[in-house]
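Quick look at work-v2.cif (mmCIF, C-alpha atoms):
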data_final
#
loop_
_atom_site.group_PDB
_atom_site.id
_atom_site.type_symbol
_atom_site.label_atom_id
_atom_site.label_comp_id
_atom_site.auth_asym_id
_atom_site.auth_seq_id
_atom_site.Cartn_x
_atom_site.Cartn_y
_atom_site.Cartn_z
ATOM 1 C CA MET A 1 -62.735 59.912 7.217
ATOM 2 C CA ALA A 2 -64.201 57.280 4.897
ATOM 3 C CA TYR A 3 -63.420 59.540 1.940
ATOM 4 C CA PHE A 4 -59.717 59.678 2.828
ATOM 5 C CA ILE A 5 -59.546 55.938 3.476
ATOM 6 C CA GLU A 6 -61.083 55.236 0.047
ATOM 7 C CA LEU A 7 -58.741 57.724 -1.617
ATOM 8 C CA LEU A 8 -55.641 56.300 0.069
ATOM 9 C CA SER A 9 -56.794 52.726 -0.565
ATOM 10 C CA SER A 10 -56.971 53.505 -4.267
ATOM 11 C CA LEU A 11 -53.457 55.010 -4.257
ATOM 12 C CA PHE A 12 -51.996 52.110 -2.293
ATOM 13 C CA GLU A 13 -53.776 49.468 -4.412
ATOM 14 C CA LYS A 14 -52.153 50.990 -7.492
ATOM 15 C CA GLY A 15 -48.825 51.235 -5.648
ATOM 16 C CA ILE A 16 -48.911 47.613 -4.484
ATOM 17 C CA SER A 17 -49.936 46.449 -7.934
ATOM 18 C CA SER A 18 -47.073 48.424 -9.497
ATOM 19 C CA ALA A 19 -44.479 47.376 -6.884
ATOM 20 C CA LEU A 20 -45.397 43.690 -6.658
ATOM 21 C CA GLY A 21 -46.970 43.048 -10.042
ATOM 22 C CA THR A 22 -50.195 41.631 -8.548
ATOM 23 C CA LYS A 23 -53.381 42.932 -6.940
ATOM 24 C CA HIS A 24 -53.700 42.632 -3.161
ATOM 25 C CA SER A 25 -56.106 43.976 -0.590
ATOM 26 C CA VAL A 26 -55.099 47.164 1.181
ATOM 27 C CA GLU A 27 -55.571 47.948 4.866
ATOM 28 C CA ILE A 28 -55.685 51.686 5.607
ATOM 29 C CA THR A 29 -56.588 52.795 9.132
ATOM 30 C CA PRO A 30 -56.564 56.105 10.989
ATOM 31 C CA SER A 31 -53.381 56.532 13.027
ATOM 32 C CA THR A 32 -53.712 55.909 16.722
ATOM 33 C CA GLN A 33 -51.345 58.758 17.627
ATOM 34 C CA ASP A 34 -50.674 62.130 15.987
ATOM 35 C CA ARG A 35 -46.933 61.467 15.767
ATOM 36 C CA PHE A 36 -47.658 58.643 13.293
ATOM 37 C CA GLY A 37 -49.396 60.951 10.810
ATOM 38 C CA HIS A 38 -53.036 60.870 9.774
ATOM 39 C CA TYR A 39 -53.332 57.310 8.468
ATOM 40 C CA GLN A 40 -51.290 54.169 8.211
ATOM 41 C CA CYS A 41 -51.116 51.315 5.739
ATOM 42 C CA ASN A 42 -50.616 47.955 7.447
ATOM 43 C CA SER A 43 -50.704 45.811 4.312
ATOM 44 C CA ALA A 44 -46.962 45.075 4.216
ATOM 45 C CA MET A 45 -47.261 42.705 7.191
ATOM 46 C CA LYS A 46 -49.916 40.566 5.533
ATOM 47 C CA LEU A 47 -48.125 40.641 2.197
ATOM 48 C CA ALA A 48 -44.868 39.557 3.856
ATOM 49 C CA LYS A 49 -46.520 36.344 5.037
ATOM 50 C CA GLU A 50 -48.066 35.705 1.623
ATOM 51 C CA LEU A 51 -44.918 36.490 -0.377
ATOM 52 C CA GLY A 52 -42.251 35.280 2.054
ATOM 53 C CA LYS A 53 -40.422 38.613 2.056
ATOM 54 C CA SER A 54 -39.445 41.136 4.710
ATOM 55 C CA PRO A 55 -42.318 43.522 5.545
ATOM 56 C CA ARG A 56 -39.926 46.507 5.527
ATOM 57 C CA ASP A 57 -38.725 45.582 2.013
ATOM 58 C CA ILE A 58 -42.314 45.321 0.812
ATOM 59 C CA ALA A 59 -43.198 48.623 2.534
ATOM 60 C CA SER A 60 -40.193 50.304 0.902
ATOM 61 C CA SER A 61 -41.244 49.083 -2.566
ATOM 62 C CA VAL A 62 -44.837 50.185 -1.986
ATOM 63 C CA VAL A 63 -43.764 53.659 -0.775
ATOM 64 C CA LYS A 64 -41.643 54.165 -3.900
ATOM 65 C CA ALA A 65 -44.529 53.072 -6.134
ATOM 66 C CA VAL A 66 -47.047 55.297 -4.340
ATOM 67 C CA LYS A 67 -44.685 58.287 -4.520
ATOM 68 C CA ALA A 68 -44.331 57.726 -8.268
ATOM 69 C CA GLN A 69 -48.038 58.421 -8.845
ATOM 70 C CA ASP A 70 -48.875 61.971 -9.965
ATOM 71 C CA GLU A 71 -51.929 62.187 -7.702
ATOM 72 C CA THR A 72 -49.787 61.545 -4.615
ATOM 73 C CA TYR A 73 -48.029 64.919 -4.831
ATOM 74 C CA SER A 74 -51.272 66.881 -4.431
ATOM 75 C CA ILE A 75 -52.543 64.803 -1.497
ATOM 76 C CA ILE A 76 -49.745 63.260 0.572
ATOM 77 C CA ASP A 77 -47.170 65.284 2.474
ATOM 78 C CA SER A 78 -45.089 62.351 3.703
ATOM 79 C CA LEU A 79 -44.873 58.552 3.695
ATOM 80 C CA GLU A 80 -42.697 57.011 6.398
ATOM 81 C CA ILE A 81 -41.938 53.386 7.176
ATOM 82 C CA ALA A 82 -42.113 52.639 10.892
ATOM 83 C CA GLY A 83 -41.517 49.546 12.991
ATOM 84 C CA PRO A 84 -41.653 46.227 11.184
ATOM 85 C CA GLY A 85 -43.334 47.707 8.076
ATOM 86 C CA PHE A 86 -46.106 50.128 8.904
ATOM 87 C CA ILE A 87 -46.420 52.941 6.374
ATOM 88 C CA ASN A 88 -47.391 56.197 8.091
ATOM 89 C CA VAL A 89 -49.239 58.668 5.885
ATOM 90 C CA THR A 90 -49.455 62.406 6.536
ATOM 91 C CA LEU A 91 -51.811 64.354 4.296
ATOM 92 C CA LYS A 92 -50.925 67.826 3.008
ATOM 93 C CA SER A 93 -52.382 70.688 5.026
ATOM 94 C CA SER A 94 -53.284 72.524 1.810
ATOM 95 C CA TYR A 95 -55.246 69.490 0.606
ATOM 96 C CA LEU A 96 -57.098 69.183 3.943
ATOM 97 C CA SER A 97 -57.903 72.922 3.877
ATOM 98 C CA GLU A 98 -59.212 72.703 0.330
ATOM 99 C CA TYR A 99 -61.309 69.643 1.160
ATOM 100 C CA THR A 100 -62.707 71.282 4.310
ATOM 101 C CA GLY A 101 -63.587 74.396 2.285
ATOM 102 C CA LYS A 102 -65.522 72.264 -0.195
ATOM 103 C CA LEU A 103 -67.420 70.594 2.642
ATOM 104 C CA PHE A 104 -68.206 73.975 4.209
ATOM 105 C CA ASN A 105 -69.749 75.239 0.955
ATOM 106 C CA ASP A 106 -71.605 71.991 0.188
ATOM 107 C CA PRO A 107 -75.187 71.914 1.552
ATOM 108 C CA ARG A 108 -74.872 68.116 1.832
ATOM 109 C CA ILE A 109 -71.435 68.383 3.564
ATOM 110 C CA GLY A 110 -70.032 65.686 1.307
ATOM 111 C CA VAL A 111 -72.705 63.087 2.074
ATOM 112 C CA PRO A 112 -73.659 61.355 -1.189
ATOM 113 C CA LYS A 113 -77.286 60.634 -2.013
ATOM 114 C CA PRO A 114 -78.138 56.940 -1.659
ATOM 115 C CA LYS A 115 -78.204 54.890 -4.847
ATOM 116 C CA GLU A 116 -81.579 53.468 -3.916
ATOM 117 C CA LEU A 117 -84.089 55.626 -2.038
ATOM 118 C CA GLN A 118 -86.186 53.900 0.599
ATOM 119 C CA THR A 119 -89.305 54.668 2.562
ATOM 120 C CA ILE A 120 -88.481 54.334 6.246
ATOM 121 C CA CYS A 121 -91.147 54.168 8.933
ATOM 122 C CA ILE A 122 -90.135 55.356 12.397
ATOM 123 C CA ASP A 123 -92.498 54.830 15.315
ATOM 124 C CA PHE A 124 -91.544 56.788 18.398
ATOM 125 C CA SER A 125 -92.758 58.145 21.723
ATOM 126 C CA SER A 126 -95.882 56.113 22.635
ATOM 127 C CA PRO A 127 -96.715 57.652 26.007
ATOM 128 C CA ASN A 128 -99.197 55.757 28.124
ATOM 129 C CA VAL A 129 -102.223 58.014 28.589
ATOM 130 C CA ALA A 130 -103.193 56.112 31.745
ATOM 131 C CA LYS A 131 -99.981 57.186 33.483
ATOM 132 C CA GLN A 132 -98.121 60.414 34.111
ATOM 133 C CA LEU A 133 -95.907 61.723 31.333
ATOM 134 C CA HIS A 134 -92.235 61.645 32.306
ATOM 135 C CA VAL A 135 -88.777 62.276 30.855
ATOM 136 C CA ALA A 136 -88.427 58.787 29.309
ATOM 137 C CA HIS A 137 -91.192 59.709 26.872
ATOM 138 C CA LEU A 138 -89.161 62.720 25.741
ATOM 139 C CA ARG A 139 -86.044 60.573 25.241
ATOM 140 C CA SER A 140 -87.714 58.228 22.749
ATOM 141 C CA THR A 141 -89.330 61.187 20.985
ATOM 142 C CA ILE A 142 -85.960 62.930 20.581
ATOM 143 C CA ILE A 143 -84.275 59.725 19.372
ATOM 144 C CA GLY A 144 -87.087 59.086 16.866
ATOM 145 C CA ASP A 145 -87.014 62.664 15.612
ATOM 146 C CA SER A 146 -83.202 62.589 15.298
ATOM 147 C CA LEU A 147 -83.292 59.366 13.282
ATOM 148 C CA SER A 148 -86.056 60.807 11.088
ATOM 149 C CA ARG A 149 -84.048 63.950 10.358
ATOM 150 C CA LEU A 150 -80.920 61.907 9.625
ATOM 151 C CA PHE A 151 -82.693 59.642 7.123
ATOM 152 C CA GLU A 152 -84.389 62.646 5.485
ATOM 153 C CA PHE A 153 -81.038 64.416 5.150
ATOM 154 C CA ILE A 154 -79.561 61.349 3.478
ATOM 155 C CA GLY A 155 -82.450 61.476 1.007
ATOM 156 C CA HIS A 156 -84.893 58.798 2.104
ATOM 157 C CA LYS A 157 -88.642 59.319 2.529
ATOM 158 C CA VAL A 158 -89.536 59.065 6.219
ATOM 159 C CA ILE A 159 -92.941 58.280 7.670
ATOM 160 C CA ARG A 160 -93.122 59.397 11.293
ATOM 161 C CA LEU A 161 -95.577 57.577 13.524
ATOM 162 C CA ASN A 162 -96.419 58.495 17.064
ATOM 163 C CA HIS A 163 -98.861 56.184 18.812
ATOM 164 C CA ILE A 164 -100.432 56.856 22.151
ATOM 165 C CA GLY A 165 -100.215 53.609 24.071
ATOM 166 C CA ASP A 166 -102.684 51.813 26.389
ATOM 167 C CA TRP A 167 -106.110 53.207 25.547
ATOM 168 C CA GLY A 168 -107.912 50.386 27.363
ATOM 169 C CA THR A 169 -107.966 51.658 30.952
ATOM 170 C CA PRO A 170 -108.776 55.332 30.238
ATOM 171 C CA PHE A 171 -111.573 54.441 27.844
ATOM 172 C CA GLY A 172 -112.923 51.823 30.242
ATOM 173 C CA MET A 173 -112.966 54.461 32.958
ATOM 174 C CA LEU A 174 -114.690 56.935 30.617
ATOM 175 C CA ILE A 175 -117.366 54.388 29.657
ATOM 176 C CA ALA A 176 -117.936 53.501 33.338
ATOM 177 C CA TYR A 177 -118.273 57.218 34.215
ATOM 178 C CA ILE A 178 -120.799 57.772 31.406
ATOM 179 C CA LYS A 179 -122.849 54.721 32.442
ATOM 180 C CA ILE A 180 -122.971 55.862 36.076
ATOM 181 C CA HIS A 181 -123.469 59.619 35.658
ATOM 182 C CA HIS A 182 -125.201 59.874 32.254
ATOM 183 C CA PRO A 183 -126.856 56.475 31.623
ATOM 184 C CA ASP A 184 -129.315 57.762 28.997
ATOM 185 C CA VAL A 185 -126.557 59.161 26.737
ATOM 186 C CA LEU A 186 -126.123 55.702 25.186
ATOM 187 C CA GLN A 187 -129.899 55.245 24.670
ATOM 188 C CA ASP A 188 -131.543 55.560 21.272
ATOM 189 C CA PRO A 189 -133.351 58.958 21.243
ATOM 190 C CA LYS A 190 -136.505 57.437 19.594
#

Spell out the structure here as structure tokens.
Amino acid sequence: MAYFIELLSSLFEKGISSALGTKHSVEITPSTQDRFGHYQCNSAMKLAKELGKSPRDIASSVVKAVKAQDETYSIIDSLEIAGPGFINVTLKSSYLSEYTGKLFNDPRIGVPKPKELQTICIDFSSPNVAKQLHVAHLRSTIIGDSLSRLFEFIGHKVIRLNHIGDWGTPFGMLIAYIKIHHPDVLQDPK
């Protein structure tokens, strides 16, 4: 989704710049309903306030400028102005199929490697050895392992730590047992 928003933002930034002669920020969002296409550009409303023009007039100028770009014909199926000046964007099915095919054949499924690799330390699980093991211990282990796998897939180095919590009571009990039942084990053999 972020890929398409970046792609459409670039097209609409060029379109707004061409239509209005100045650079303005672009607001592209996924459509809330299928009947409005895949995405919508809501920038005409903000620009109308800034420029003192009708949002529909601005949207109309932007649509013409976006349609004039060569790249638009391979990506966008339709651009429609709705309501006060929303621009509904429907992507071409052939473009979506091609993009999905590329993702399917990409071992990284389109996820770029980070610009700066990090070492990430994840500490998870920590069952208390003085108490019974229960399902909550599994939950934190699964969450920690999932986060570790995610960061490794992205490309970061992950250090996984699993500490066993609360050693005090069990070791105290062990020492007490040894003192009572095997008192000479702690004596110097000389």

Starting from the shown file, work through the PyMOL selection byres ((chain A and resi 158-161) around 9) and note down what comes out as a PyMOL selection string.
-> chain A and resi 118-125+144-145+148-149+151-152+156-157+162-163

With distances taken over all atoms listed in the file, which of A:Ala44, A:Leu147, A:Met173, A:Ile154 is nearest to Glu116 of chain A?
->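 Using all atoms listed in the file, Glu116 of chain A sits closest to A:Ile154.
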
Quick one: pull the distance between atom CA of Pro55 of chain A and atom CA of Val26 of chain A, Å, one decimal.
-> 14.0 Å

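When all atoms listed in the file are used to measure the gap to Ile58 of chain A, the shortest distance among A:Ser140, A:Gly37, A:Ala19, A:Thr32 belongs to A:Ala19.
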
For Leu7 of chain A, which residue out of A:Ile28, A:Leu150, A:Lys23, A:Asp188 is the nearest one, using all atoms listed in the file?
-> A:Ile28

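Using only C-alpha atoms for every distance, the candidate list A:Leu79, A:Gly85, A:Leu11, A:Lys67 yields A:Gly85 as the residue closest to Lys53 of chain A.
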
Do you have the atom CA of Cys41 of chain A-atom CA of Lys113 of chain A distance handy?
->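 Separation between atom CA of Cys41 of chain A and atom CA of Lys113 of chain A: 28.8 Å.
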
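With distances restricted to all atoms listed in the file, A:Val129 is the closest residue to Thr169 of chain A from A:Ile76, A:Ile87, A:Val111, A:Val129.
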
What's the 10 Å shell around segment 91-93 of chain A, counting all atoms listed in the file, without same-chain residues fewer than 2 positions away, as number ranges by chain?
-> A: 4, 8, 37-39, 72-79, 89, 95-99

What separates atom CA of Ser60 of chain A and atom CA of Ser31 of chain A is a distance of 19.0 Å

Go through A:Gln40, A:Ser61, A:Thr141, A:Ser54 one by one, measure the shortest atom-to-atom distance of each to Ser18 of chain A using all atoms listed in the file, and give the residue with the smallest value.
->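 Of A:Gln40, A:Ser61, A:Thr141, A:Ser54, the one nearest Ser18 of chain A is A:Ser61, counting all atoms listed in the file.
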
For segment 100-124 of chain A, which lacks atoms in the input, supply N, CA and C atoms and format the output as a PDB file, in the coordinates of the input.
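Saved to out32.pdb:
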ATOM      1  N   THR A 100     -61.828  70.724   3.284  1.00  0.00           N
ATOM      2  CA  THR A 100     -62.707  71.282   4.310  1.00  0.00           C
ATOM      3  C   THR A 100     -63.514  72.455   3.760  1.00  0.00           C
ATOM      4  N   GLY A 101     -62.882  73.280   2.923  1.00  0.00           N
ATOM      5  CA  GLY A 101     -63.587  74.396   2.285  1.00  0.00           C
ATOM      6  C   GLY A 101     -64.718  73.907   1.389  1.00  0.00           C
ATOM      7  N   LYS A 102     -64.468  72.839   0.660  1.00  0.00           N
ATOM      8  CA  LYS A 102     -65.522  72.264  -0.195  1.00  0.00           C
ATOM      9  C   LYS A 102     -66.680  71.751   0.655  1.00  0.00           C
ATOM     10  N   LEU A 103     -66.365  71.094   1.757  1.00  0.00           N
ATOM     11  CA  LEU A 103     -67.420  70.594   2.642  1.00  0.00           C
ATOM     12  C   LEU A 103     -68.231  71.748   3.224  1.00  0.00           C
ATOM     13  N   PHE A 104     -67.550  72.825   3.607  1.00  0.00           N
ATOM     14  CA  PHE A 104     -68.206  73.975   4.209  1.00  0.00           C
ATOM     15  C   PHE A 104     -69.210  74.604   3.242  1.00  0.00           C
ATOM     16  N   ASN A 105     -68.882  74.621   1.952  1.00  0.00           N
ATOM     17  CA  ASN A 105     -69.749  75.239   0.955  1.00  0.00           C
ATOM     18  C   ASN A 105     -70.752  74.271   0.334  1.00  0.00           C
ATOM     19  N   ASP A 106     -70.706  73.009   0.726  1.00  0.00           N
ATOM     20  CA  ASP A 106     -71.605  71.991   0.188  1.00  0.00           C
ATOM     21  C   ASP A 106     -72.791  71.823   1.135  1.00  0.00           C
ATOM     22  N   PRO A 107     -74.031  72.065   0.663  1.00  0.00           N
ATOM     23  CA  PRO A 107     -75.187  71.914   1.552  1.00  0.00           C
ATOM     24  C   PRO A 107     -75.349  70.482   2.073  1.00  0.00           C
ATOM     25  N   ARG A 108     -74.778  69.516   1.388  1.00  0.00           N
ATOM     26  CA  ARG A 108     -74.872  68.116   1.832  1.00  0.00           C
ATOM     27  C   ARG A 108     -73.611  67.682   2.581  1.00  0.00           C
ATOM     28  N   ILE A 109     -72.703  68.612   2.852  1.00  0.00           N
ATOM     29  CA  ILE A 109     -71.435  68.383   3.564  1.00  0.00           C
ATOM     30  C   ILE A 109     -70.722  67.093   3.137  1.00  0.00           C
ATOM     31  N   GLY A 110     -70.769  66.821   1.844  1.00  0.00           N
ATOM     32  CA  GLY A 110     -70.032  65.686   1.307  1.00  0.00           C
ATOM     33  C   GLY A 110     -70.746  64.356   1.408  1.00  0.00           C
ATOM     34  N   VAL A 111     -71.963  64.345   1.937  1.00  0.00           N
ATOM     35  CA  VAL A 111     -72.705  63.087   2.074  1.00  0.00           C
ATOM     36  C   VAL A 111     -73.385  62.788   0.738  1.00  0.00           C
ATOM     37  N   PRO A 112     -73.035  61.666   0.105  1.00  0.00           N
ATOM     38  CA  PRO A 112     -73.659  61.355  -1.189  1.00  0.00           C
ATOM     39  C   PRO A 112     -75.104  60.893  -1.012  1.00  0.00           C
ATOM     40  N   LYS A 113     -75.914  61.143  -2.035  1.00  0.00           N
ATOM     41  CA  LYS A 113     -77.286  60.634  -2.013  1.00  0.00           C
ATOM     42  C   LYS A 113     -77.235  59.121  -2.159  1.00  0.00           C
ATOM     43  N   PRO A 114     -78.158  58.404  -1.530  1.00  0.00           N
ATOM     44  CA  PRO A 114     -78.138  56.940  -1.659  1.00  0.00           C
ATOM     45  C   PRO A 114     -78.484  56.519  -3.087  1.00  0.00           C
ATOM     46  N   LYS A 115     -77.930  55.397  -3.499  1.00  0.00           N
ATOM     47  CA  LYS A 115     -78.204  54.890  -4.847  1.00  0.00           C
ATOM     48  C   LYS A 115     -79.653  54.461  -4.979  1.00  0.00           C
ATOM     49  N   GLU A 116     -80.191  53.930  -3.897  1.00  0.00           N
ATOM     50  CA  GLU A 116     -81.579  53.468  -3.916  1.00  0.00           C
ATOM     51  C   GLU A 116     -82.323  54.123  -2.753  1.00  0.00           C
ATOM     52  N   LEU A 117     -83.315  54.959  -3.080  1.00  0.00           N
ATOM     53  CA  LEU A 117     -84.089  55.626  -2.038  1.00  0.00           C
ATOM     54  C   LEU A 117     -85.072  54.641  -1.410  1.00  0.00           C
ATOM     55  N   GLN A 118     -85.280  54.784  -0.122  1.00  0.00           N
ATOM     56  CA  GLN A 118     -86.186  53.900   0.599  1.00  0.00           C
ATOM     57  C   GLN A 118     -87.222  54.725   1.342  1.00  0.00           C
ATOM     58  N   THR A 119     -88.326  54.077   1.672  1.00  0.00           N
ATOM     59  CA  THR A 119     -89.305  54.668   2.562  1.00  0.00           C
ATOM     60  C   THR A 119     -89.081  54.017   3.918  1.00  0.00           C
ATOM     61  N   ILE A 120     -88.812  54.844   4.917  1.00  0.00           N
ATOM     62  CA  ILE A 120     -88.481  54.334   6.246  1.00  0.00           C
ATOM     63  C   ILE A 120     -89.550  54.808   7.219  1.00  0.00           C
ATOM     64  N   CYS A 121     -90.104  53.869   7.962  1.00  0.00           N
ATOM     65  CA  CYS A 121     -91.147  54.168   8.933  1.00  0.00           C
ATOM     66  C   CYS A 121     -90.520  54.162  10.324  1.00  0.00           C
ATOM     67  N   ILE A 122     -90.672  55.266  11.046  1.00  0.00           N
ATOM     68  CA  ILE A 122     -90.135  55.356  12.397  1.00  0.00           C
ATOM     69  C   ILE A 122     -91.292  55.633  13.350  1.00  0.00           C
ATOM     70  N   ASP A 123     -91.465  54.720  14.300  1.00  0.00           N
ATOM     71  CA  ASP A 123     -92.498  54.830  15.315  1.00  0.00           C
ATOM     72  C   ASP A 123     -91.816  55.225  16.614  1.00  0.00           C
ATOM     73  N   PHE A 124     -92.192  56.363  17.162  1.00  0.00           N
ATOM     74  CA  PHE A 124     -91.544  56.788  18.398  1.00  0.00           C
ATOM     75  C   PHE A 124     -92.516  57.407  19.376  1.00  0.00           C
TER      76      PHE A 124
END
